Structure formats: C-alpha cells, structure tokens
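Working notes for the structure below.
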Amino acid sequence: MGYRTLLRDHRSVLSIAFLAMFSSSLGQSYFIGLFQAPLSDHLGLSVGQFGTAYAFVTLIAGFCMLRFGPSVDWINPRRFAAVILSLLLTGVVLLTLSPWWWLGIVGLGIVRLCGQGMLTHLGNTLAAREFTTMRGRAIGLANLGIPLGEALLPPLVAAALIWSSWQTFWWLLCGVIALPWLWLLLKAPWPSAPGVKPTKQTPHGPRPFREKRFWLLMPLLMALPITMTGLFIYQAQLTNSLDSSLAVYALALTGMGIAKLPGALLGGRWVDKLGPVKLARLYLLPYAFAMVMALTIGGHISIWALMVGGGLAMGAQELIASGLLIKLWGAENLGRVRSALSAAMVFSTGIAPAVLGLALGAGAPFHAILLGMLLFIIAGWLLAQRVLREASNIRAEP
C-alpha cells in the first residue's frame with residue numbers, strides 16, 4: 001500500500017492528524033517569534049523580559065503536558081480535540097486582547113501548551129496509534145502539517161502586517177483554521193477512545209520517568225531538538241563563527257523546511273520497511289556529518305549543511321520516536337509515554353538556550369559549542385544502543 005492508497009482509505013484520521021499538526025503552528029516558537037516585537041510592545045515588556053516570560057510559560061507548559069498528556073489514551077479523541085481547540089482560542093483571546101500584561105502572559109502559556117504541546121501530541125498519537133503496518137507513512141503524512149506551516153506562514157505574516165495589525169492576522173488565521181476543524185468535528189468519523197481512565201483499582205500504565213531504558217533513550221531523541229534550538233537562538237554567533245552571514249542563514253532555513261518533506265515521506269516508507277530501530281541508529285548521520293563540516297570547513301556551505309541535515313533528521317524524528325515508544329511500551333500507552341517525552345523535550349529546549357547563553361557569556365567560542373553538540377549527539381547514540389537492542393528483540397505488533 002502506497003501513500004495514495006493510504007490517503008484514499010484513511011483520509012479522515014489522516015486529515016485530523018495533519019490539521020492538528022498544522023494548527024500547532026499557532027504555538028510554535030518560529031511563529032510566535034515572528035511577532036516578538038509587537039507582542040513585547042503590547043504587553044509592555046522589554047526584549048529580555050519577554051524572553052524570560054516565554055521560557056517560564058514554556059516550562060509550565062511542560063509540567064502541564066505531564067499532567068494532561070496521558071489523557072489522550074482514554075478520552076474520546078473528538079472531545080479531546082474540541083477541548084484543546086477551545087482552550088487555544090481562549091489563549092489567543094487573552095494574548096491579543098487583554099489589557100493586563102500578566103493575563104497576556106497567561107494567554108501565551110495557553111497558546112504554547114495547546115499549540116506546540118497538545119495539538120502536536122494529538123496529531124502524532126492518532127497517526128501512530130491508529131495504524132500498524134503503515135504507521136511510518138501515516139505519521140510522515142501527518143507531520144507534513146508542520147513544514148507546511150513553516151513554509152506558508154512567515155511570508156503571509158510579512159505581507160499581512162503591511163496592511164493590518166498583528167491581532168487582526170491572528171484572528172484571520174484562527175478563522176481560517178476553524179473552518180476545517182468545524183467540519184471534522186461535526187461530520188467526520190473519529191476513532192474511539194482506546195482505553196479507560198485508570199482508577200485506584202486499575203493499573204495506571206507505565207511510568208517512564210522511573211524506567212532506566214527511558215532515560216537511556218532520551219538523549220538520542222533530544223539531541224536534535226536541543227542542538228537545533230541552540231542554532232536557532234544564537235544564529236548571529238553561529239554565522240559569525242563560521243564566516244557566513246545571516247542572509248545565507250535565512251536562505252538555509254528555507255532549505256531546512258524543504259528538507260523536512262523527504263525526511264518525513266521517505267522516513268515513513270523506511271520505518272515501515274526497516275523498522276524504527278534500524279532507522280534510529282542512522283537518522284542523525286546527516287546532521288552529525290554537517291557538524292563535522294562546520295567544525296572543519298566552515299563557510300556558507302556549512303550553514304546549508306547544518307540546516308538541510310537538521311531538516312532531514314527532523315522530518316524523520318517523530319516517526320522513529322513514536323515507533324520506538326510503541327515497540328517498548330505498547331500502542332495503548334503511547335499517550336502516557338509520549339507526553340513524558342514531550343515534557344522532557346520542552347524542559348530541555350527551554351533550558352538549553354540559557355545554558356548556551358551562559359557559556360557564550362563566559363567567553364566560550366562557538367566552535368567549542370559546536371564540538372559539544374557533536375559530542376552530545378555521539379553520547380546519546382551510544383547510550384541508546386542497549387535500549388535499541390532490546391527493542392529489536394521485541395516482536396512487531398500484528
């Protein structure tokens with residue numbers, strides 16, 4: 001079965017998962033970053049204060065993911081989506097219309113939680129849980145929603161802000177996104193809840209933070225988002241260190257978005273054919289090779305290599321992560337385990353820029369930081385080998 005057949009036979013679930021991933025753009029860092037200046041003015045915050053508030057609400061969102069993320073395992077997905085979308089709309093109202101800065105910050109936190117957090121969680125969990133033999137392709141198709149948002153929204157923002165306010169754009173975008181959601185919520189068939197809510201008399205499922213194999217696997221899965229966050233935040237220092245320019249970096253970002261497409265589509269096919277374990281051992285190679293290029297060659301080509309190599313790996317990462325989590329903990333527990341992984345990633349990507357900032361402030365050259373990133377990738381790969389061997393011995397789900 002190819003992608004065309006998959007779309008024909010399962011278009012309802014795939015549409016829900018894809019739209020959830022695209023709608024998560026409202027809470028993604030790249031989208032909120034496009035409005036950093038007007039948001040800071042609206043809330044009456046300096047750039048530094050806005051950054052501190054952003055990091056704070058991101059960490060709070062991570063704790064909320066731990067608390068509420070597992071509920072996707074027992075709440076009806078239609079109801080789950082309706083609640084998350086209602087909360088997201090509430091967050092947008094508070095962020096764009098509140099006259100008090102603290103209430104606007106609360107709105108920002110809700111947008112981060114429901115956008116990047118819960119909608120991404122819903123889309124990936126549905127695509128991974130509702131498919132078996134075609135799971136990789138299904139997750140790959142769903143994940144195309146994120147690069148589509150990255151490709152479409154920045155130029156739309158740049159054009160719209162010429163003739164309208166940033167609040168107007170947010171509301172227009174919410175209206176456009178709401179139309180297909182209303183149709184899906186009212187007319188489309190949705191999958192049922194896969195389980196029942198745990199009680200004192202029933203098991204609560206796995207507790208990944210208490211399992212050694214989860215901690216051994218996390219560095220491999222977190223190496224890419226942590227290091228890419230550092231490259232995004234400190235792009236000026238990166239380009240200066242590699243004798244490149246911000247103009248080249250901006251073009252390379254487009255290359256990164258394009259590279260995510262084959263990363264997701266080819267990655268989905270390869271996950272289905274080879275399995276997530278084999279791909280987990282290989283998918284970071286293009287990015288690690290780009291790190292080596294940056295450390296040894298430098299120049300414009302290294303910027304392009306980092307962005308394109310990172311894009312290829314990012315396109316495949318979610319397919320591999322979901323496949324590994326299902327192999328190790330079962331599809332019925334995917335919501336619980338994915339929420340733990342998502343929370344860990346939120347915490348680490350929120351803290352990583354501060355740690356790198358301290359290192360740069362202490363005078364560390366960016367080449368040393370790139371070397372540290374490469375060593376982190378290698379260490380994560382080595383630590384995960386024991387868990388990957390265990391996963392390879394688990395019989396595939398029927």
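Each chain in the structure tokens gets a letter, A, B, ..., in the order shown, and its residues are numbered from 1; ligands are numbered from 1 in order too.
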
Find the residues around A:Ala81 up to 9 Å (only C-alpha atoms counted), leave out those fewer than 4 positions away in its own chain, and share them as a tab-separated table (two decimals) with N, CA, C and O atoms, in the first residue's frame.
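Below is the file part_26.tsv, written as the result:
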```tsv
chain	number	residue	atom	x	y	z
A	20	ALA	N	-4.19	18.89	12.90
A	20	ALA	CA	-3.69	19.15	14.25
A	20	ALA	C	-2.23	19.63	14.20
A	20	ALA	O	-1.85	20.58	14.91
A	76	ASN	N	-12.18	10.34	24.58
A	76	ASN	CA	-12.57	10.28	23.17
A	76	ASN	C	-11.82	11.35	22.38
A	76	ASN	O	-11.82	12.53	22.78
A	77	PRO	N	-11.14	10.99	21.28
A	77	PRO	CA	-10.33	11.96	20.55
A	77	PRO	C	-11.10	13.19	20.08
A	77	PRO	O	-10.55	14.29	20.06
A	85	LEU	N	-8.90	22.82	21.35
A	85	LEU	CA	-9.14	23.94	20.44
A	85	LEU	C	-9.86	25.08	21.16
A	85	LEU	O	-9.56	26.26	20.90
A	86	SER	N	-10.79	24.76	22.05
A	86	SER	CA	-11.47	25.81	22.83
A	86	SER	C	-10.48	26.54	23.73
A	86	SER	O	-10.51	27.77	23.85
A	118	MET	N	-0.19	20.25	22.98
A	118	MET	CA	-1.28	19.29	22.90
A	118	MET	C	-1.71	18.93	21.48
A	118	MET	O	-2.05	17.78	21.20
A	119	LEU	N	-1.74	19.92	20.57
A	119	LEU	CA	-2.15	19.59	19.20
A	119	LEU	C	-1.12	18.71	18.51
A	119	LEU	O	-1.47	17.77	17.78
A	122	LEU	N	-1.65	15.30	20.00
A	122	LEU	CA	-2.84	14.65	19.44
A	122	LEU	C	-2.57	14.11	18.04
A	122	LEU	O	-2.89	12.95	17.74
A	185	LEU	N	-15.07	18.09	13.19
A	185	LEU	CA	-15.71	17.80	14.47
A	185	LEU	C	-17.17	17.41	14.31
A	185	LEU	O	-17.69	16.58	15.07
```

Set out as CSV a contact list for stretch 98-170 of chain A and stretch 25-29 of chain A with a cut-off of 6 Å, giving each residue of stretch 98-170 of chain A that qualifies its closest atom pair and distance in Å to one decimal, counting only C-alpha atoms, ordered by chain and rising residue number.
```
residue,atom,partner,partner_atom,distance
A:Val111,CA,A:Gly27,CA,5.2
A:Arg112,CA,A:Gly27,CA,4.5
A:Gly115,CA,A:Gly27,CA,4.1
A:Gln116,CA,A:Gly27,CA,4.8
```

What would the file look like if the residues just selected were written as a PDB file, in the first residue's frame with all heavy atoms?
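As a result, out-v3.pdb now contains:
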```pdb
ATOM      1  N   VAL A 111      -1.479  29.239  24.735  1.00  0.00           N
ATOM      2  CA  VAL A 111      -1.211  29.030  23.308  1.00  0.00           C
ATOM      3  C   VAL A 111      -0.050  28.070  23.121  1.00  0.00           C
ATOM      4  O   VAL A 111      -0.081  27.179  22.257  1.00  0.00           O
ATOM      5  CB  VAL A 111      -0.928  30.385  22.621  1.00  0.00           C
ATOM      6  CG1 VAL A 111      -0.373  30.179  21.216  1.00  0.00           C
ATOM      7  CG2 VAL A 111      -2.198  31.223  22.562  1.00  0.00           C
ATOM      8  N   ARG A 112       1.014  28.227  23.936  1.00  0.00           N
ATOM      9  CA  ARG A 112       2.156  27.312  23.848  1.00  0.00           C
ATOM     10  C   ARG A 112       1.738  25.888  24.204  1.00  0.00           C
ATOM     11  O   ARG A 112       2.094  24.935  23.515  1.00  0.00           O
ATOM     12  CB  ARG A 112       3.266  27.773  24.787  1.00  0.00           C
ATOM     13  CG  ARG A 112       3.986  29.015  24.337  1.00  0.00           C
ATOM     14  CD  ARG A 112       4.958  28.727  23.199  1.00  0.00           C
ATOM     15  NE  ARG A 112       6.126  27.999  23.688  1.00  0.00           N
ATOM     16  CZ  ARG A 112       6.871  27.222  22.932  1.00  0.00           C
ATOM     17  NH1 ARG A 112       6.562  27.022  21.670  1.00  0.00           N
ATOM     18  NH2 ARG A 112       7.933  26.611  23.428  1.00  0.00           N
ATOM     19  N   GLY A 115      -0.983  24.690  21.507  1.00  0.00           N
ATOM     20  CA  GLY A 115      -0.472  24.663  20.144  1.00  0.00           C
ATOM     21  C   GLY A 115       0.659  23.665  19.994  1.00  0.00           C
ATOM     22  O   GLY A 115       0.454  22.515  19.604  1.00  0.00           O
ATOM     23  N   GLN A 116       1.858  24.096  20.347  1.00  0.00           N
ATOM     24  CA  GLN A 116       3.009  23.210  20.184  1.00  0.00           C
ATOM     25  C   GLN A 116       2.883  21.937  21.014  1.00  0.00           C
ATOM     26  O   GLN A 116       3.330  20.877  20.595  1.00  0.00           O
ATOM     27  CB  GLN A 116       4.291  23.936  20.575  1.00  0.00           C
ATOM     28  CG  GLN A 116       5.545  23.109  20.307  1.00  0.00           C
ATOM     29  CD  GLN A 116       6.810  23.838  20.716  1.00  0.00           C
ATOM     30  OE1 GLN A 116       6.823  24.593  21.677  1.00  0.00           O
ATOM     31  NE2 GLN A 116       7.876  23.618  19.971  1.00  0.00           N
TER      32      GLN A 116
END
```

I'd like the contact shell of A:Val387 - 9 Å cut-off, only C-alpha atoms, skipping same-chain residues fewer than 3 positions apart - returned as a CSV table (one decimal) with N, CA, C and O atoms, in the first residue's frame.
```
chain,number,residue,atom,x,y,z
A,213,ARG,N,15.5,2.5,31.0
A,213,ARG,CA,15.5,2.5,29.5
A,213,ARG,C,15.0,3.8,28.9
A,213,ARG,O,15.5,4.2,27.8
A,214,PHE,N,14.1,4.4,29.6
A,214,PHE,CA,13.6,5.7,29.1
A,214,PHE,C,14.6,6.8,29.2
A,214,PHE,O,14.8,7.5,28.3
A,216,LEU,N,17.8,6.2,29.2
A,216,LEU,CA,18.9,5.9,28.2
A,216,LEU,C,18.5,6.3,26.8
A,216,LEU,O,19.4,6.6,26.0
A,217,LEU,N,17.2,6.3,26.5
A,217,LEU,CA,16.8,6.6,25.2
A,217,LEU,C,16.6,8.1,24.9
A,217,LEU,O,16.8,8.6,23.8
A,328,LEU,N,8.4,-0.4,22.7
A,328,LEU,CA,8.9,-0.7,24.0
A,328,LEU,C,7.7,-0.7,25.0
A,328,LEU,O,7.8,-1.4,26.1
A,383,LEU,N,24.5,5.8,24.3
A,383,LEU,CA,23.7,5.4,25.5
A,383,LEU,C,22.4,4.6,25.0
A,383,LEU,O,21.9,3.8,25.8
A,384,ALA,N,21.9,4.9,23.8
A,384,ALA,CA,20.7,4.3,23.4
A,384,ALA,C,20.9,2.9,22.9
A,384,ALA,O,19.9,2.2,22.7
A,390,GLU,N,17.3,-4.1,22.8
A,390,GLU,CA,16.1,-4.6,23.5
A,390,GLU,C,14.9,-4.5,22.6
A,390,GLU,O,14.1,-5.4,22.4
A,391,ALA,N,14.7,-3.3,22.0
A,391,ALA,CA,13.6,-3.1,21.1
A,391,ALA,C,13.6,-4.0,19.9
A,391,ALA,O,12.6,-4.4,19.4
A,392,SER,N,14.8,-4.2,19.3
A,392,SER,CA,15.0,-5.1,18.1
A,392,SER,C,14.6,-6.5,18.4
A,392,SER,O,14.2,-7.2,17.5
```

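Between atom CA of A:Leu39 and atom CA of A:Leu173 the interatomic distance comes to 16.6 Å.
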
Which neighbours of stretch 365-375 of chain A fall inside 7 Å, counting only C-alpha atoms, when residues of the same chain fewer than 2 positions from it are skipped, and could you give them as a list in words?
Thr227, Gln237, Leu238, Ser241, Ala288, Met291, Leu295, Leu360, Gly363, Ile377, Ile378 and Ala379 of chain A

Requested write-out: N, CA, C and O atoms of the selected residues, as a compact mmCIF listing (two decimals), in the first residue's frame:
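Output (again_9.txt):
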```
# COMPACT_ATOMS: atom_id res chain seq x y z
N THR A 227 20.00 20.77 20.21
CA THR A 227 21.08 21.45 19.47
C THR A 227 20.53 22.38 18.40
O THR A 227 21.06 23.48 18.19
N GLN A 237 25.78 34.38 16.33
CA GLN A 237 27.07 33.85 16.75
C GLN A 237 27.50 32.69 15.86
O GLN A 237 28.69 32.53 15.56
N LEU A 238 26.55 31.87 15.43
CA LEU A 238 26.85 30.74 14.55
C LEU A 238 27.42 31.23 13.23
O LEU A 238 28.48 30.75 12.78
N SER A 241 30.88 32.78 13.59
CA SER A 241 31.92 31.80 13.86
C SER A 241 32.32 31.03 12.61
O SER A 241 33.49 30.66 12.44
N ALA A 288 25.04 14.88 12.02
CA ALA A 288 26.36 14.76 12.63
C ALA A 288 27.46 15.07 11.61
O ALA A 288 28.46 15.73 11.93
N MET A 291 27.76 18.71 11.31
CA MET A 291 28.52 19.25 12.43
C MET A 291 30.02 19.15 12.17
O MET A 291 30.79 20.08 12.45
N LEU A 295 32.80 22.21 11.81
CA LEU A 295 33.99 22.30 12.63
C LEU A 295 35.28 22.32 11.81
O LEU A 295 36.29 22.86 12.25
N LEU A 360 28.45 31.28 26.29
CA LEU A 360 28.91 32.36 25.42
C LEU A 360 29.29 33.59 26.24
O LEU A 360 30.28 34.26 25.94
N GLY A 363 32.68 33.53 27.55
CA GLY A 363 33.75 33.64 26.57
C GLY A 363 34.03 32.39 25.77
O GLY A 363 35.04 32.32 25.05
N ILE A 377 25.54 14.43 20.61
CA ILE A 377 24.89 13.52 19.67
C ILE A 377 25.51 12.13 19.74
O ILE A 377 24.80 11.10 19.78
N ILE A 378 26.85 12.07 19.77
CA ILE A 378 27.53 10.77 19.84
C ILE A 378 27.22 10.06 21.15
O ILE A 378 26.94 8.85 21.17
N ALA A 379 27.25 10.81 22.27
CA ALA A 379 26.95 10.20 23.57
C ALA A 379 25.51 9.67 23.61
O ALA A 379 25.26 8.57 24.12
```

If you count only C-alpha atoms, which residues fall within 12 Å of A:Leu279, apart from same-chain ones fewer than 4 positions away, as a list in words?
Gly136, Gly263, Leu266, Gly267, Gly268, Arg269, Trp270, Val271, Asp272, Lys273, Leu274, Gly275, Tyr283, Leu284, Leu285, Ala313, Ala316, Gln317, Glu318, Leu319, Ile320, Ala321, Gly323, Leu324, Trp381, Leu388 and Ser392 of chain A

Output N, CA and C atoms for every residue in the selection just made, as a short mmCIF file (atom, residue, chain, number, x, y, z; two decimals), in the first residue's frame.
```
data_model
loop_
_atom_site.label_atom_id
_atom_site.label_comp_id
_atom_site.auth_asym_id
_atom_site.auth_seq_id
_atom_site.Cartn_x
_atom_site.Cartn_y
_atom_site.Cartn_z
N GLY A 136 4.50 4.21 9.85
CA GLY A 136 5.52 5.18 9.46
C GLY A 136 5.03 6.16 8.41
N GLY A 263 12.45 13.99 4.38
CA GLY A 263 12.72 13.34 5.65
C GLY A 263 11.49 12.64 6.20
N LEU A 266 10.09 9.88 2.92
CA LEU A 266 10.99 8.73 2.78
C LEU A 266 11.19 8.04 4.12
N GLY A 267 11.27 8.84 5.19
CA GLY A 267 11.41 8.25 6.52
C GLY A 267 10.24 7.36 6.85
N GLY A 268 9.03 7.79 6.50
CA GLY A 268 7.85 6.97 6.76
C GLY A 268 7.91 5.64 6.03
N ARG A 269 8.33 5.68 4.78
CA ARG A 269 8.45 4.43 4.00
C ARG A 269 9.52 3.52 4.60
N TRP A 270 10.65 4.11 4.98
CA TRP A 270 11.75 3.30 5.54
C TRP A 270 11.41 2.74 6.91
N VAL A 271 10.69 3.51 7.73
CA VAL A 271 10.26 2.98 9.03
C VAL A 271 9.39 1.76 8.84
N ASP A 272 8.48 1.81 7.85
CA ASP A 272 7.61 0.66 7.61
C ASP A 272 8.39 -0.55 7.09
N LYS A 273 9.42 -0.30 6.28
CA LYS A 273 10.17 -1.42 5.69
C LYS A 273 11.26 -1.94 6.61
N LEU A 274 12.01 -1.04 7.22
CA LEU A 274 13.18 -1.43 8.01
C LEU A 274 12.91 -1.49 9.50
N GLY A 275 11.88 -0.77 9.95
CA GLY A 275 11.59 -0.70 11.38
C GLY A 275 12.25 0.52 12.01
N TYR A 283 19.49 7.88 11.54
CA TYR A 283 18.87 9.11 11.06
C TYR A 283 19.62 10.38 11.42
N LEU A 284 20.47 10.36 12.46
CA LEU A 284 21.22 11.55 12.84
C LEU A 284 22.54 11.70 12.07
N LEU A 285 22.87 10.71 11.22
CA LEU A 285 24.13 10.77 10.49
C LEU A 285 24.28 12.03 9.63
N ALA A 313 16.78 15.14 9.34
CA ALA A 313 16.64 14.39 10.59
C ALA A 313 15.35 14.73 11.30
N ALA A 316 12.28 12.99 9.99
CA ALA A 316 12.15 11.57 10.32
C ALA A 316 12.03 11.30 11.81
N GLN A 317 12.38 12.28 12.65
CA GLN A 317 12.49 12.01 14.08
C GLN A 317 11.21 11.52 14.71
N GLU A 318 10.08 12.18 14.44
CA GLU A 318 8.84 11.80 15.11
C GLU A 318 8.38 10.41 14.71
N LEU A 319 8.63 10.03 13.46
CA LEU A 319 8.26 8.69 13.02
C LEU A 319 9.04 7.65 13.81
N ILE A 320 10.33 7.91 13.98
CA ILE A 320 11.19 6.96 14.69
C ILE A 320 10.86 6.93 16.17
N ALA A 321 10.66 8.13 16.77
CA ALA A 321 10.36 8.19 18.20
C ALA A 321 9.06 7.45 18.52
N GLY A 323 7.56 5.12 16.79
CA GLY A 323 7.76 3.69 16.56
C GLY A 323 8.49 3.02 17.71
N LEU A 324 9.52 3.67 18.23
CA LEU A 324 10.27 3.10 19.35
C LEU A 324 9.42 3.03 20.62
N TRP A 381 23.75 8.62 21.08
CA TRP A 381 23.71 7.42 20.24
C TRP A 381 24.26 6.22 21.00
N LEU A 388 18.01 0.06 22.16
CA LEU A 388 17.69 -0.30 20.77
C LEU A 388 17.85 -1.80 20.55
N SER A 392 14.84 -4.23 19.34
CA SER A 392 14.96 -5.06 18.13
C SER A 392 14.55 -6.50 18.39
#
```

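For the residues A:Ile351, A:Leu186, A:Leu153, A:Leu141, ranking by smallest atom-to-atom distance to A:Gly62 using only C-alpha atoms places A:Ile351 first.
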
Tell me, as a tab-separated table (two decimals) with N, CA and C atoms, in the first residue's frame, which residues lie within 12 Å of stretch 41-45 of chain A, counting only C-alpha atoms; anything in the same chain fewer than 4 positions away does not count.
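And here's part_23.tsv as it stands now:
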```tsv
chain	number	residue	atom	x	y	z
A	35	PHE	N	6.26	37.55	15.85
A	35	PHE	CA	5.52	38.65	16.47
A	35	PHE	C	6.19	39.13	17.76
A	36	GLN	N	7.47	38.81	17.93
A	36	GLN	CA	8.14	39.14	19.19
A	36	GLN	C	8.08	40.63	19.49
A	37	ALA	N	8.38	41.47	18.51
A	37	ALA	CA	8.40	42.92	18.74
A	37	ALA	C	7.01	43.46	19.07
A	49	GLN	N	12.70	40.76	29.16
A	49	GLN	CA	11.56	40.34	29.96
A	49	GLN	C	10.65	39.39	29.18
A	50	PHE	N	10.47	39.69	27.90
A	50	PHE	CA	9.64	38.79	27.08
A	50	PHE	C	10.29	37.41	26.98
A	51	GLY	N	11.63	37.38	26.79
A	51	GLY	CA	12.32	36.10	26.71
A	51	GLY	C	12.19	35.31	28.00
A	52	THR	N	12.31	35.99	29.14
A	52	THR	CA	12.16	35.32	30.43
A	52	THR	C	10.74	34.78	30.60
A	53	ALA	N	9.75	35.59	30.24
A	53	ALA	CA	8.36	35.15	30.35
A	53	ALA	C	8.09	33.97	29.43
A	54	TYR	N	8.67	34.01	28.23
A	54	TYR	CA	8.48	32.93	27.26
A	54	TYR	C	9.06	31.62	27.81
A	94	LEU	N	-6.89	36.00	25.18
A	94	LEU	CA	-6.14	36.65	26.26
A	94	LEU	C	-4.87	37.32	25.73
A	95	LEU	N	-4.19	36.65	24.82
A	95	LEU	CA	-2.93	37.19	24.32
A	95	LEU	C	-3.13	38.44	23.48
A	96	THR	N	-4.18	38.46	22.68
A	96	THR	CA	-4.35	39.57	21.74
A	96	THR	C	-5.19	40.71	22.29
A	97	LEU	N	-6.06	40.44	23.26
A	97	LEU	CA	-7.00	41.47	23.70
A	97	LEU	C	-6.84	41.91	25.14
A	98	SER	N	-6.13	41.16	25.96
A	98	SER	CA	-6.05	41.51	27.38
A	98	SER	C	-5.34	42.84	27.60
A	99	PRO	N	-5.89	43.72	28.42
A	99	PRO	CA	-5.23	44.99	28.72
A	99	PRO	C	-4.16	44.86	29.81
A	100	TRP	N	-4.10	43.69	30.46
A	100	TRP	CA	-3.13	43.48	31.53
A	100	TRP	C	-2.03	42.53	31.06
A	101	TRP	N	-0.78	42.92	31.29
A	101	TRP	CA	0.34	42.14	30.78
A	101	TRP	C	0.37	40.72	31.34
A	102	TRP	N	0.02	40.58	32.63
A	102	TRP	CA	0.11	39.26	33.25
A	102	TRP	C	-0.93	38.29	32.66
A	103	LEU	N	-2.10	38.84	32.29
A	103	LEU	CA	-3.11	37.99	31.67
A	103	LEU	C	-2.70	37.64	30.24
A	104	GLY	N	-2.01	38.57	29.56
A	104	GLY	CA	-1.47	38.25	28.25
A	104	GLY	C	-0.44	37.14	28.32
A	105	ILE	N	0.38	37.13	29.37
A	105	ILE	CA	1.36	36.06	29.56
A	105	ILE	C	0.67	34.72	29.79
A	106	VAL	N	-0.43	34.75	30.56
A	106	VAL	CA	-1.22	33.53	30.75
A	106	VAL	C	-1.73	33.02	29.40
A	107	GLY	N	-2.21	33.96	28.56
A	107	GLY	CA	-2.67	33.57	27.22
A	107	GLY	C	-1.55	32.96	26.40
A	108	LEU	N	-0.34	33.54	26.50
A	108	LEU	CA	0.81	33.00	25.77
A	108	LEU	C	1.10	31.58	26.23
A	165	SER	N	-3.08	44.95	11.50
A	165	SER	CA	-2.39	44.77	12.77
A	165	SER	C	-2.09	43.29	12.99
A	166	TRP	N	-1.17	43.04	13.92
A	166	TRP	CA	-0.84	41.64	14.19
A	166	TRP	C	-2.02	40.92	14.82
A	167	GLN	N	-2.84	41.63	15.63
A	167	GLN	CA	-4.02	40.98	16.20
A	167	GLN	C	-4.99	40.54	15.11
```

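Across A:Gly140, A:Gly380, A:Pro189, A:Pro353, the tightest approach to A:Pro262 is made by A:Gly140 when counting only C-alpha atoms.
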
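Using only C-alpha atoms for every distance, the candidate list A:Ala264, A:Val72, A:Leu306, A:Val277 yields A:Leu306 as the residue closest to A:Phe289.
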
Mind checking which residues fall within 8 Å of A:Ser245, counting only C-alpha atoms, ignoring those fewer than 5 positions away in the same chain, and posting them as an MDAnalysis selection string?
chainID A and resid 236 239:240 300

Export, as a PDB file, in the first residue's frame, the selected residues with C-alpha atoms.
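As a result, again_10.pdb now contains:
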```
ATOM      1  CA  ALA A 236      24.263  35.516  14.808  1.00  0.00           C
ATOM      2  CA  THR A 239      27.194  32.631  11.274  1.00  0.00           C
ATOM      3  CA  ASN A 240      29.981  34.822  12.634  1.00  0.00           C
ATOM      4  CA  HIS A 300      28.362  29.183   3.716  1.00  0.00           C
TER       5      HIS A 300
END
```

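Between A:Pro155 and the candidates A:Leu34, A:Glu130, A:Trp215, A:Met65, the tightest atom-to-atom separation, counting only C-alpha atoms, involves A:Leu34.
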
Secondary structure check, helix (DSSP H, G or I) residues of stretch 127-356 of chain A, as number ranges by chain:
A: 127-129, 135-143, 145-163, 166-187, 208-210, 212-233, 235-241, 246-274, 276-280, 285-296, 300-329, 331-356

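Atom CA of A:Ala61 is found 12.8 Å from atom CA of A:Leu88.
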
Restricting to only C-alpha atoms, whichever of A:Lys278, A:Thr132, A:Gly310, A:Trp170 is closest to A:Ala290 is A:Gly310

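Using only C-alpha atoms, the nearest neighbour of A:Leu148 within the list A:Trp163, A:Phe22, A:Trp329, A:Tyr30 is A:Phe22.
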